[in-house]
$ cat model.cif   # mmCIF, C-alpha atoms
data_final
#
loop_
_atom_site.label_atom_id
_atom_site.label_comp_id
_atom_site.auth_asym_id
_atom_site.auth_seq_id
_atom_site.Cartn_x
_atom_site.Cartn_y
_atom_site.Cartn_z
CA MET B 1 37.28 17.05 -9.55
CA ASN B 2 35.99 17.67 -13.08
CA LYS B 3 33.53 20.58 -13.20
CA ASN B 4 30.97 18.60 -15.22
CA ILE B 5 30.92 15.88 -12.57
CA LYS B 6 30.33 18.51 -9.89
CA ILE B 7 27.44 19.99 -11.86
CA PHE B 8 25.89 16.53 -12.30
CA LEU B 9 26.17 15.67 -8.61
CA ASN B 10 24.91 19.03 -7.42
CA TYR B 11 22.03 19.72 -9.79
CA PHE B 12 20.99 16.49 -11.54
CA LEU B 13 21.37 13.71 -8.97
CA GLY B 14 18.28 14.71 -6.99
CA PRO B 15 15.86 14.97 -9.96
CA VAL B 16 17.23 11.79 -11.58
CA LEU B 17 16.93 9.90 -8.30
CA PHE B 18 13.37 11.12 -7.74
CA LEU B 19 12.23 10.17 -11.26
CA ALA B 20 13.90 6.75 -11.14
CA LEU B 21 12.41 6.02 -7.73
CA SER B 22 8.93 7.18 -8.75
CA TRP B 23 8.96 5.10 -11.92
CA SER B 24 10.18 1.94 -10.18
CA LEU B 25 7.57 2.29 -7.43
CA TYR B 26 4.81 2.90 -9.97
CA LYS B 27 5.76 -0.19 -12.01
CA GLN B 28 6.07 -2.32 -8.92
CA VAL B 29 2.63 -1.41 -7.57
CA ILE B 30 0.67 -1.19 -10.84
CA ASN B 31 1.78 -4.66 -11.98
CA ARG B 32 0.26 -6.42 -8.97
CA PRO B 33 -2.60 -8.59 -10.35
CA ASP B 34 -4.63 -8.36 -7.13
CA LEU B 35 -4.14 -4.61 -6.66
CA PRO B 36 -7.87 -3.64 -6.94
CA GLU B 37 -8.91 -6.08 -4.21
CA ARG B 38 -6.07 -5.07 -1.92
CA TRP B 39 -6.66 -1.38 -2.53
CA ASP B 40 -10.35 -1.74 -1.62
CA GLN B 41 -9.36 -3.38 1.65
CA ILE B 42 -6.79 -0.67 2.38
CA LYS B 43 -9.38 2.06 1.76
CA GLN B 44 -11.66 0.39 4.29
CA SER B 45 -8.81 0.22 6.83
CA TRP B 46 -8.50 4.03 6.93
CA LYS B 47 -11.62 4.10 9.10
CA TYR B 48 -9.85 2.35 11.98
CA GLY B 49 -7.80 4.04 14.70
CA TYR B 50 -5.16 1.29 14.65
CA PHE B 51 -4.36 2.21 11.05
CA TRP B 52 -3.54 5.80 11.97
CA VAL B 53 -1.57 4.77 15.05
CA SER B 54 0.54 2.54 12.81
CA PHE B 55 0.88 5.31 10.23
CA PHE B 56 2.12 7.95 12.67
CA MET B 57 4.54 5.47 14.24
CA VAL B 58 6.65 5.96 11.11
CA PHE B 59 7.85 9.22 12.68
CA ILE B 60 8.93 7.33 15.81
CA ASN B 61 10.62 4.74 13.59
CA TRP B 62 12.74 7.23 11.64
CA GLY B 63 13.10 9.50 14.66
CA LEU B 64 14.83 6.67 16.52
CA GLU B 65 17.05 6.05 13.50
CA ALA B 66 17.88 9.77 13.32
CA ARG B 67 18.84 9.81 16.99
CA LYS B 68 21.01 6.74 16.44
CA TRP B 69 22.72 8.41 13.47
CA GLN B 70 23.23 11.57 15.53
CA LEU B 71 25.09 9.51 18.17
CA LEU B 72 27.11 7.65 15.54
CA ILE B 73 28.24 10.75 13.66
CA ALA B 74 29.04 12.72 16.87
CA PRO B 75 32.78 11.86 16.95
CA LEU B 76 33.07 13.31 13.43
CA GLU B 77 30.53 16.15 13.31
CA LYS B 78 27.82 17.68 15.47
CA PHE B 79 24.43 17.02 13.90
CA THR B 80 21.16 18.44 15.15
CA LEU B 81 18.34 15.91 15.36
CA ILE B 82 16.62 17.62 12.40
CA LYS B 83 19.74 17.39 10.26
CA ALA B 84 20.18 13.73 11.27
CA PHE B 85 16.54 13.11 10.33
CA LYS B 86 17.06 14.64 6.89
CA SER B 87 20.22 12.59 6.46
CA VAL B 88 18.55 9.24 7.16
CA LEU B 89 15.64 10.08 4.84
CA SER B 90 18.13 10.88 2.07
CA GLY B 91 19.78 7.54 2.71
CA CYS B 92 16.38 5.85 2.49
CA SER B 93 15.77 7.34 -0.96
CA VAL B 94 19.05 6.05 -2.39
CA THR B 95 18.72 2.65 -0.74
CA MET B 96 15.49 1.92 -2.62
CA LEU B 97 17.50 1.66 -5.84
CA THR B 98 20.40 -0.47 -4.60
CA PRO B 99 20.87 -4.15 -3.63
CA ASN B 100 20.14 -4.93 0.03
CA ARG B 101 19.97 -1.21 0.82
CA ILE B 102 23.70 -0.60 0.53
CA GLY B 103 22.96 2.78 -1.04
CA GLU B 104 21.95 4.02 2.41
CA TYR B 105 25.60 4.86 3.08
CA GLY B 106 25.92 7.10 0.02
CA GLY B 107 22.60 8.81 0.72
CA ARG B 108 23.40 9.70 4.31
CA ILE B 109 26.87 11.07 3.80
CA VAL B 110 25.70 13.82 1.43
CA TYR B 111 24.89 15.76 4.61
CA VAL B 112 28.41 15.20 5.95
CA GLN B 113 31.18 17.67 5.17
CA GLU B 114 33.08 16.61 2.08
CA GLU B 115 36.37 15.99 3.89
CA HIS B 116 34.64 13.67 6.39
CA ARG B 117 32.57 11.53 4.03
CA LEU B 118 34.90 8.54 3.74
CA SER B 119 35.26 8.42 7.53
CA ALA B 120 31.46 8.54 7.89
CA ILE B 121 30.89 5.36 5.88
CA PRO B 122 32.15 3.00 8.66
CA LEU B 123 29.85 4.82 11.09
CA THR B 124 26.82 4.01 8.94
CA ILE B 125 27.98 0.38 8.75
CA LEU B 126 28.27 0.25 12.55
CA GLY B 127 24.67 1.49 12.84
CA SER B 128 23.49 -1.12 10.33
CA LEU B 129 25.38 -3.78 12.27
CA SER B 130 23.53 -2.87 15.46
CA GLN B 131 20.16 -3.14 13.69
CA LEU B 132 21.12 -6.43 12.02
CA SER B 133 22.25 -7.84 15.37
CA VAL B 134 18.86 -7.09 16.93
CA THR B 135 17.03 -8.56 13.92
CA VAL B 136 19.01 -11.80 13.96
CA ILE B 137 18.78 -12.20 17.76
CA LEU B 138 15.00 -11.66 17.88
CA GLY B 139 14.51 -13.83 14.79
CA THR B 140 16.51 -16.61 16.44
CA LEU B 141 14.39 -16.32 19.58
CA GLY B 142 11.31 -16.58 17.36
CA LEU B 143 12.61 -19.81 15.82
CA LEU B 144 13.38 -21.18 19.27
CA TYR B 145 9.85 -20.33 20.39
CA PHE B 146 8.32 -22.38 17.60
CA GLN B 147 10.78 -25.22 18.11
CA PHE B 148 10.41 -25.58 21.87
CA GLY B 149 7.25 -23.63 22.75
CA ASN B 150 3.78 -25.03 23.26
CA THR B 151 2.37 -23.73 20.00
CA GLY B 152 3.12 -26.79 17.93
CA HIS B 153 5.51 -26.95 15.00
CA VAL B 154 3.32 -25.58 12.22
CA LEU B 155 5.92 -23.08 11.03
CA LEU B 156 8.74 -25.57 11.28
CA THR B 157 6.97 -28.24 9.20
CA LEU B 158 8.07 -26.34 6.09
CA LEU B 159 11.50 -27.96 6.39
CA PRO B 160 12.83 -31.33 7.63
CA GLY B 161 13.70 -31.52 11.32
CA TYR B 162 17.44 -31.73 10.76
CA ALA B 163 17.35 -28.63 8.52
CA ILE B 164 15.50 -26.65 11.20
CA ASN B 165 18.11 -27.63 13.80
CA ILE B 166 20.94 -26.59 11.46
CA ILE B 167 19.26 -23.23 10.80
CA ILE B 168 18.72 -22.56 14.51
CA VAL B 169 22.32 -23.44 15.37
CA ALA B 170 23.56 -21.26 12.50
CA CYS B 171 21.39 -18.36 13.71
CA ILE B 172 22.68 -18.72 17.28
CA ILE B 173 26.28 -18.71 16.07
CA THR B 174 25.61 -15.75 13.76
CA SER B 175 23.91 -13.80 16.56
CA SER B 176 26.83 -14.40 18.89
CA CYS B 177 29.37 -13.36 16.25
CA LEU B 178 27.47 -10.19 15.34
CA VAL B 179 27.19 -9.07 18.96
CA LEU B 180 30.84 -9.92 19.63
CA ILE B 181 32.01 -7.97 16.57
CA TYR B 182 29.76 -5.04 17.44
CA LEU B 183 30.78 -4.77 21.09
CA ARG B 184 34.48 -5.43 20.38
CA VAL B 185 34.78 -3.25 17.30
CA GLY B 186 37.86 -1.55 18.78
CA PHE B 187 39.64 -4.90 19.00
CA LEU B 188 38.66 -5.61 15.38
CA ILE B 189 40.33 -2.35 14.30
CA LYS B 190 43.57 -3.48 15.95
CA ILE B 191 43.45 -6.73 13.95
CA VAL B 192 42.83 -4.85 10.71
CA ASP B 193 45.79 -2.60 11.46
CA ARG B 194 48.08 -5.64 11.51
CA ILE B 195 47.03 -6.75 8.03
CA TYR B 196 49.33 -5.01 5.58
CA TRP B 197 46.97 -4.73 2.61
CA LEU B 198 44.21 -3.27 4.84
CA LYS B 199 46.35 -0.56 6.42
CA LYS B 200 45.26 2.00 3.82
CA ILE B 201 41.60 1.80 4.87
CA ASN B 202 42.32 1.54 8.58
CA ARG B 203 42.66 5.33 8.91
CA TYR B 204 38.97 5.55 8.06
CA LEU B 205 38.05 2.76 10.49
CA VAL B 206 40.03 3.97 13.48
CA LEU B 207 37.20 6.33 14.46
CA LEU B 208 35.12 3.28 15.43
CA SER B 209 37.49 2.51 18.30
CA SER B 210 36.46 5.78 19.97
CA PHE B 211 33.06 4.33 20.93
CA LYS B 212 32.90 3.16 24.53
CA ARG B 213 30.90 0.10 25.57
CA LYS B 214 28.19 2.29 27.10
CA GLN B 215 27.76 4.21 23.83
CA LEU B 216 27.56 1.00 21.81
CA LEU B 217 24.92 -0.41 24.15
CA ARG B 218 22.94 2.82 23.88
CA ILE B 219 22.97 2.59 20.08
CA LEU B 220 22.01 -1.08 20.30
CA PHE B 221 19.08 -0.19 22.58
CA LEU B 222 17.84 2.38 20.05
CA SER B 223 18.02 -0.34 17.38
CA PHE B 224 15.95 -2.60 19.66
CA LEU B 225 13.32 0.12 20.17
CA ARG B 226 13.14 0.68 16.42
CA TYR B 227 12.69 -3.06 15.88
CA MET B 228 9.81 -3.08 18.37
CA VAL B 229 8.18 -0.23 16.43
CA PHE B 230 8.43 -2.34 13.24
CA ILE B 231 6.74 -5.27 14.95
CA LEU B 232 3.99 -3.22 16.62
CA GLN B 233 3.19 -1.42 13.36
CA TYR B 234 2.83 -4.72 11.55
CA MET B 235 0.70 -6.28 14.32
CA LEU B 236 -1.66 -3.30 14.31
CA LEU B 237 -2.08 -3.40 10.53
CA LEU B 238 -2.68 -7.16 10.55
CA LYS B 239 -5.43 -6.57 13.10
CA VAL B 240 -6.93 -3.81 10.93
CA MET B 241 -6.86 -6.17 7.91
CA GLN B 242 -8.66 -8.81 10.02
CA VAL B 243 -5.74 -11.22 10.15
CA GLU B 244 -6.45 -12.82 13.51
CA ILE B 245 -3.33 -14.34 15.10
CA ALA B 246 -2.60 -14.58 18.84
CA PRO B 247 -0.30 -11.66 19.85
CA VAL B 248 2.64 -13.75 21.11
CA VAL B 249 2.51 -16.05 18.08
CA CYS B 250 2.19 -13.03 15.76
CA PHE B 251 5.21 -11.36 17.36
CA CYS B 252 7.35 -14.47 16.89
CA LEU B 253 6.12 -14.97 13.31
CA LEU B 254 7.05 -11.40 12.43
CA SER B 255 10.47 -11.80 14.06
CA VAL B 256 11.08 -14.78 11.76
CA PHE B 257 9.75 -12.78 8.80
CA TYR B 258 12.16 -9.90 9.46
CA LEU B 259 14.98 -12.41 9.84
CA LEU B 260 14.14 -13.77 6.37
CA MET B 261 14.03 -10.25 4.93
CA ALA B 262 17.42 -9.44 6.48
CA ILE B 263 19.14 -12.35 4.72
CA ALA B 264 17.16 -12.36 1.45
CA PRO B 265 19.02 -10.72 -1.47
CA THR B 266 16.80 -7.89 -2.76
CA ILE B 267 16.96 -4.57 -4.56
CA GLY B 268 14.80 -1.81 -3.11
CA PHE B 269 12.43 -1.53 -6.08
CA THR B 270 11.94 -5.34 -6.21
CA GLU B 271 11.43 -5.70 -2.47
CA LEU B 272 7.62 -5.56 -2.49
CA PRO B 273 6.98 -8.91 -4.23
CA VAL B 274 9.67 -10.58 -2.09
CA ARG B 275 8.22 -9.05 1.06
CA ALA B 276 4.64 -10.00 0.11
CA ALA B 277 5.61 -13.58 -0.75
CA ALA B 278 7.63 -14.04 2.43
CA SER B 279 4.88 -12.62 4.66
CA VAL B 280 2.28 -14.90 3.08
CA GLN B 281 4.50 -17.99 3.44
CA VAL B 282 5.07 -17.27 7.14
CA LEU B 283 1.70 -15.90 8.26
CA GLN B 284 -0.66 -18.11 6.23
CA LEU B 285 0.25 -21.02 8.49
CA TYR B 286 -1.78 -19.34 11.24
CA SER B 287 -4.35 -17.37 9.20
CA SER B 288 -6.22 -18.07 5.97
CA ASN B 289 -6.77 -14.36 5.24
CA ILE B 290 -4.19 -14.15 2.44
CA LEU B 291 -5.58 -10.89 1.04
CA GLY B 292 -5.35 -9.26 4.47
CA ILE B 293 -1.73 -10.41 4.87
CA GLN B 294 -0.81 -9.01 1.47
CA ALA B 295 -2.62 -5.72 2.14
CA ALA B 296 -0.81 -5.28 5.48
CA SER B 297 2.51 -5.99 3.76
CA LEU B 298 1.76 -3.38 1.08
CA VAL B 299 0.83 -0.70 3.62
CA ILE B 300 3.92 -1.36 5.76
CA TRP B 301 6.09 -1.10 2.64
CA ILE B 302 4.46 2.20 1.64
CA ILE B 303 4.55 3.98 5.00
CA ASN B 304 7.93 2.72 6.22
CA LEU B 305 9.91 2.76 2.98
CA VAL B 306 8.15 4.44 0.05
CA LEU B 307 7.00 7.68 1.72
CA PRO B 308 10.34 8.26 3.52
CA ALA B 309 12.19 7.47 0.28
CA ILE B 310 10.15 10.01 -1.68
CA ALA B 311 10.69 12.61 1.06
CA GLY B 312 14.42 11.86 1.02
CA SER B 313 14.67 12.20 -2.75
CA LEU B 314 12.99 15.61 -2.53
CA LEU B 315 15.46 16.65 0.18
CA ILE B 316 18.37 15.78 -2.11
CA PHE B 317 17.07 18.40 -4.55
CA GLY B 318 18.24 21.11 -2.18
CA ILE B 319 21.67 19.70 -1.33
CA LYS B 320 24.83 20.95 -2.93
CA ILE B 321 26.75 17.70 -2.69
CA MET B 322 30.14 18.89 -3.92
CA LYS B 323 31.66 22.18 -2.82
CA GLU B 324 33.14 24.46 -5.42
CA LYS B 325 36.83 24.84 -4.63
#

$ encode --input "model.cif" --output "structure tokens"
Amino acid sequence: MNKNIKIFLNYFLGPVLFLALSWSLYKQVINRPDLPERWDQIKQSWKYGYFWVSFFMVFINWGLEARKWQLLIAPLEKFTLIKAFKSVLSGCSVTMLTPNRIGEYGGRIVYVQEEHRLSAIPLTILGSLSQLSVTVILGTLGLLYFQFGNTGHVLLTLLPGYAINIIIVACIITSSCLVLIYLRVGFLIKIVDRIYWLKKINRYLVLLSSFKRKQLLRILFLSFLRYMVFILQYMLLLKVMQVEIAPVVCFCLLSVFYLLMAIAPTIGFTELPVRAAASVQVLQLYSSNILGIQAASLVIWIINLVLPAIAGSLLIFGIKIMKEK
């Protein structure tokens, strides 16, 4: 590899990433027209214990993701939990600047040995697939709750009845396909191996077939626990911001919200306005406290994405990405 490229990757990528991330976050927050009102409400929320419980749950959130990554990378390399934690934070920093967080793959593999990096990419995709499967399944259950539960159809009045039925059926089919692909990933590799023009990449995918069903279920369970942390954090912050919604209804609303966020096309540094708009559209049907909903959305975005992304970009400063050979 060209020496200049190595120098750029090793000594300039971290600072450039940090500056780009900081600037995009600054512009995104400072341009909010209602920032003073929301910031006043957030400052008041610091007095409540629920706020700090939600804040410190970010370590559980990323700790679960680090443990999941440690299990995923195990067939390739032995990671300590600390190293896995640093790796996922680095992935978080890169993902903030890429569409639908696809940069997470590139960010994580900088901690992987150079000769293993291409093989590590499918492992990150498998982990993302497990999290997406949980998100779609729980979001589908949330839609079913509002369609057939005893809470009325307030949420589902946003669309015609036939459209809601189509969406629910599509979500059920998608959930089933995601779980089937995830649990039968070894069978999928065999199919890919039979396709001539995909044979070249199959040598990087074959590692996925080494995962037994028990291991896949364990990774899926960690994704479920992480999802529950997301929901509980959000519910606590909504309570702090005085958004009063019944717990069961709030859980199902947030499951639908996260389903929307999973399928919405976004880039990390434009995610805040999309996230704020989506949360208001979903939650305002059961609460008129729009400012509280927006403030909770802002805090969740900061503690779950912005702070880990900044920490990850600082970690990349100290990584020598390319070895000198």

$ resolve_selection --input "model.cif" --expression "the PyMOL selection byres ((chain B and resi 241) around 7)" --output "mmCIF file with C-alpha atoms, in the coordinates of the input"
data_model
loop_
_atom_site.group_PDB
_atom_site.id
_atom_site.type_symbol
_atom_site.label_atom_id
_atom_site.label_comp_id
_atom_site.auth_asym_id
_atom_site.auth_seq_id
_atom_site.Cartn_x
_atom_site.Cartn_y
_atom_site.Cartn_z
ATOM 1 C CA SER B 45 -8.810 0.220 6.830
ATOM 2 C CA LEU B 237 -2.080 -3.400 10.530
ATOM 3 C CA LEU B 238 -2.680 -7.160 10.550
ATOM 4 C CA LYS B 239 -5.430 -6.570 13.100
ATOM 5 C CA VAL B 240 -6.930 -3.810 10.930
ATOM 6 C CA GLN B 242 -8.660 -8.810 10.020
ATOM 7 C CA VAL B 243 -5.740 -11.220 10.150
ATOM 8 C CA GLY B 292 -5.350 -9.260 4.470
ATOM 9 C CA ALA B 296 -0.810 -5.280 5.480
#

$ closest_residue --input "model.cif" --among "B:Leu64, B:Ile82, B:Ser255, B:Gln281" --to "Leu141 of chain B" --atoms "only C-alpha atoms"
B:Ser255

$ residues_around --input "model.cif" --residues "Val299 of chain B" --least-positions-apart "4" --cutoff "9 Å" --atoms "all atoms listed in the file" --output "NGL selection string"
:B and (42 or 55 or 237 or 294-295 or 303-304)

$ closest_residue --input "model.cif" --among "B:Leu236, B:Leu71, B:Phe257, B:Gly107" --to "Tyr48 of chain B" --atoms "only C-alpha atoms"
B:Leu236

$ resolve_selection --input "model.cif" --expression "the PyMOL selection byres ((chain B and resi 62) around 9)" --output "CSV table (one decimal) with C-alpha atoms, keeping the file's coordinate frame"
chain,number,residue,atom,x,y,z
B,57,MET,CA,4.5,5.5,14.2
B,58,VAL,CA,6.6,6.0,11.1
B,59,PHE,CA,7.8,9.2,12.7
B,60,ILE,CA,8.9,7.3,15.8
B,61,ASN,CA,10.6,4.7,13.6
B,63,GLY,CA,13.1,9.5,14.7
B,64,LEU,CA,14.8,6.7,16.5
B,65,GLU,CA,17.0,6.0,13.5
B,66,ALA,CA,17.9,9.8,13.3
B,67,ARG,CA,18.8,9.8,17.0
B,85,PHE,CA,16.5,13.1,10.3
B,88,VAL,CA,18.6,9.2,7.2
B,89,LEU,CA,15.6,10.1,4.8
B,226,ARG,CA,13.1,0.7,16.4
B,304,ASN,CA,7.9,2.7,6.2
B,308,PRO,CA,10.3,8.3,3.5

$ resolve_selection --input "model.cif" --expression "the PyMOL selection byres ((chain B and resi 276) around 8)" --output "PyMOL selection string"
chain B and resi 272-275+277-280+293-294+297-298

$ atom_distance --input "model.cif" --atom1 "atom CA of Tyr258 of chain B" --atom2 "atom CA of Thr135 of chain B"
6.7 Å

$ atom_distance --input "model.cif" --atom1 "atom CA of Glu244 of chain B" --atom2 "atom CA of Leu259 of chain B"
21.7 Å

$ closest_residue --input "model.cif" --among "B:Val112, B:Ala262, B:Leu72, B:Val306" --to "Thr124 of chain B" --atoms "only C-alpha atoms"
B:Leu72

$ closest_residue --input "model.cif" --among "B:Tyr286, B:Tyr204, B:Tyr182, B:Tyr234" --to "Leu118 of chain B" --atoms "all atoms listed in the file"
B:Tyr204

$ atom_distance --input "model.cif" --atom1 "atom CA of Ala309 of chain B" --atom2 "atom CA of Gln70 of chain B"
19.3 Å

$ closest_residue --input "model.cif" --among "B:Leu76, B:Cys92, B:Val185, B:Cys171" --to "Leu305 of chain B" --atoms "all atoms listed in the file"
B:Cys92

$ closest_residue --input "model.cif" --among "B:Asn202, B:Met228, B:Ser288, B:Glu77" --to "Glu115 of chain B" --atoms "all atoms listed in the file"
B:Glu77

$ decode --input "model.cif" --residues "segment 221-243 of chain B" --atoms "N, CA and C atoms" --output "PDB file, in the first residue's frame"
ATOM      1  N   PHE B 221     -30.320 -13.040  22.146  1.00  0.00           N
ATOM      2  CA  PHE B 221     -30.794 -12.667  23.483  1.00  0.00           C
ATOM      3  C   PHE B 221     -30.115 -11.397  23.968  1.00  0.00           C
ATOM      4  N   LEU B 222     -28.817 -11.249  23.690  1.00  0.00           N
ATOM      5  CA  LEU B 222     -28.114 -10.016  24.054  1.00  0.00           C
ATOM      6  C   LEU B 222     -28.691  -8.822  23.298  1.00  0.00           C
ATOM      7  N   SER B 223     -29.078  -9.039  22.032  1.00  0.00           N
ATOM      8  CA  SER B 223     -29.717  -7.973  21.256  1.00  0.00           C
ATOM      9  C   SER B 223     -31.058  -7.596  21.871  1.00  0.00           C
ATOM     10  N   PHE B 224     -31.792  -8.602  22.368  1.00  0.00           N
ATOM     11  CA  PHE B 224     -33.075  -8.341  23.023  1.00  0.00           C
ATOM     12  C   PHE B 224     -32.868  -7.532  24.302  1.00  0.00           C
ATOM     13  N   LEU B 225     -31.871  -7.907  25.105  1.00  0.00           N
ATOM     14  CA  LEU B 225     -31.598  -7.165  26.337  1.00  0.00           C
ATOM     15  C   LEU B 225     -31.238  -5.716  26.025  1.00  0.00           C
ATOM     16  N   ARG B 226     -30.429  -5.525  24.979  1.00  0.00           N
ATOM     17  CA  ARG B 226     -30.040  -4.168  24.605  1.00  0.00           C
ATOM     18  C   ARG B 226     -31.263  -3.366  24.164  1.00  0.00           C
ATOM     19  N   TYR B 227     -32.157  -3.995  23.444  1.00  0.00           N
ATOM     20  CA  TYR B 227     -33.389  -3.339  23.013  1.00  0.00           C
ATOM     21  C   TYR B 227     -34.215  -2.905  24.232  1.00  0.00           C
ATOM     22  N   MET B 228     -34.296  -3.769  25.234  1.00  0.00           N
ATOM     23  CA  MET B 228     -35.054  -3.433  26.437  1.00  0.00           C
ATOM     24  C   MET B 228     -34.417  -2.260  27.176  1.00  0.00           C
ATOM     25  N   VAL B 229     -33.092  -2.152  27.123  1.00  0.00           N
ATOM     26  CA  VAL B 229     -32.414  -1.001  27.720  1.00  0.00           C
ATOM     27  C   VAL B 229     -32.816   0.278  26.985  1.00  0.00           C
ATOM     28  N   PHE B 230     -32.837   0.223  25.633  1.00  0.00           N
ATOM     29  CA  PHE B 230     -33.290   1.378  24.848  1.00  0.00           C
ATOM     30  C   PHE B 230     -34.664   1.850  25.320  1.00  0.00           C
ATOM     31  N   ILE B 231     -35.587   0.893  25.397  1.00  0.00           N
ATOM     32  CA  ILE B 231     -36.970   1.227  25.741  1.00  0.00           C
ATOM     33  C   ILE B 231     -37.059   1.808  27.147  1.00  0.00           C
ATOM     34  N   LEU B 232     -36.400   1.150  28.116  1.00  0.00           N
ATOM     35  CA  LEU B 232     -36.479   1.610  29.506  1.00  0.00           C
ATOM     36  C   LEU B 232     -35.860   2.998  29.657  1.00  0.00           C
ATOM     37  N   GLN B 233     -34.739   3.243  28.990  1.00  0.00           N
ATOM     38  CA  GLN B 233     -34.128   4.582  29.017  1.00  0.00           C
ATOM     39  C   GLN B 233     -35.120   5.639  28.547  1.00  0.00           C
ATOM     40  N   TYR B 234     -35.749   5.351  27.428  1.00  0.00           N
ATOM     41  CA  TYR B 234     -36.684   6.318  26.836  1.00  0.00           C
ATOM     42  C   TYR B 234     -37.883   6.540  27.760  1.00  0.00           C
ATOM     43  N   MET B 235     -38.419   5.466  28.334  1.00  0.00           N
ATOM     44  CA  MET B 235     -39.581   5.587  29.222  1.00  0.00           C
ATOM     45  C   MET B 235     -39.245   6.416  30.452  1.00  0.00           C
ATOM     46  N   LEU B 236     -38.040   6.212  30.996  1.00  0.00           N
ATOM     47  CA  LEU B 236     -37.627   6.986  32.168  1.00  0.00           C
ATOM     48  C   LEU B 236     -37.490   8.468  31.833  1.00  0.00           C
ATOM     49  N   LEU B 237     -36.909   8.769  30.683  1.00  0.00           N
ATOM     50  CA  LEU B 237     -36.725  10.170  30.302  1.00  0.00           C
ATOM     51  C   LEU B 237     -38.057  10.834  29.966  1.00  0.00           C
ATOM     52  N   LEU B 238     -38.972  10.110  29.374  1.00  0.00           N
ATOM     53  CA  LEU B 238     -40.305  10.668  29.121  1.00  0.00           C
ATOM     54  C   LEU B 238     -40.993  11.014  30.441  1.00  0.00           C
ATOM     55  N   LYS B 239     -40.814  10.159  31.430  1.00  0.00           N
ATOM     56  CA  LYS B 239     -41.397  10.426  32.748  1.00  0.00           C
ATOM     57  C   LYS B 239     -40.766  11.669  33.369  1.00  0.00           C
ATOM     58  N   VAL B 240     -39.433  11.788  33.248  1.00  0.00           N
ATOM     59  CA  VAL B 240     -38.730  12.960  33.775  1.00  0.00           C
ATOM     60  C   VAL B 240     -39.226  14.236  33.096  1.00  0.00           C
ATOM     61  N   MET B 241     -39.480  14.161  31.787  1.00  0.00           N
ATOM     62  CA  MET B 241     -39.935  15.325  31.021  1.00  0.00           C
ATOM     63  C   MET B 241     -41.445  15.537  31.131  1.00  0.00           C
ATOM     64  N   GLN B 242     -42.075  14.781  32.043  1.00  0.00           N
ATOM     65  CA  GLN B 242     -43.506  14.926  32.346  1.00  0.00           C
ATOM     66  C   GLN B 242     -44.395  14.587  31.146  1.00  0.00           C
ATOM     67  N   VAL B 243     -43.961  13.614  30.378  1.00  0.00           N
ATOM     68  CA  VAL B 243     -44.805  13.058  29.313  1.00  0.00           C
ATOM     69  C   VAL B 243     -45.500  11.842  29.913  1.00  0.00           C
TER      70      VAL B 243
END
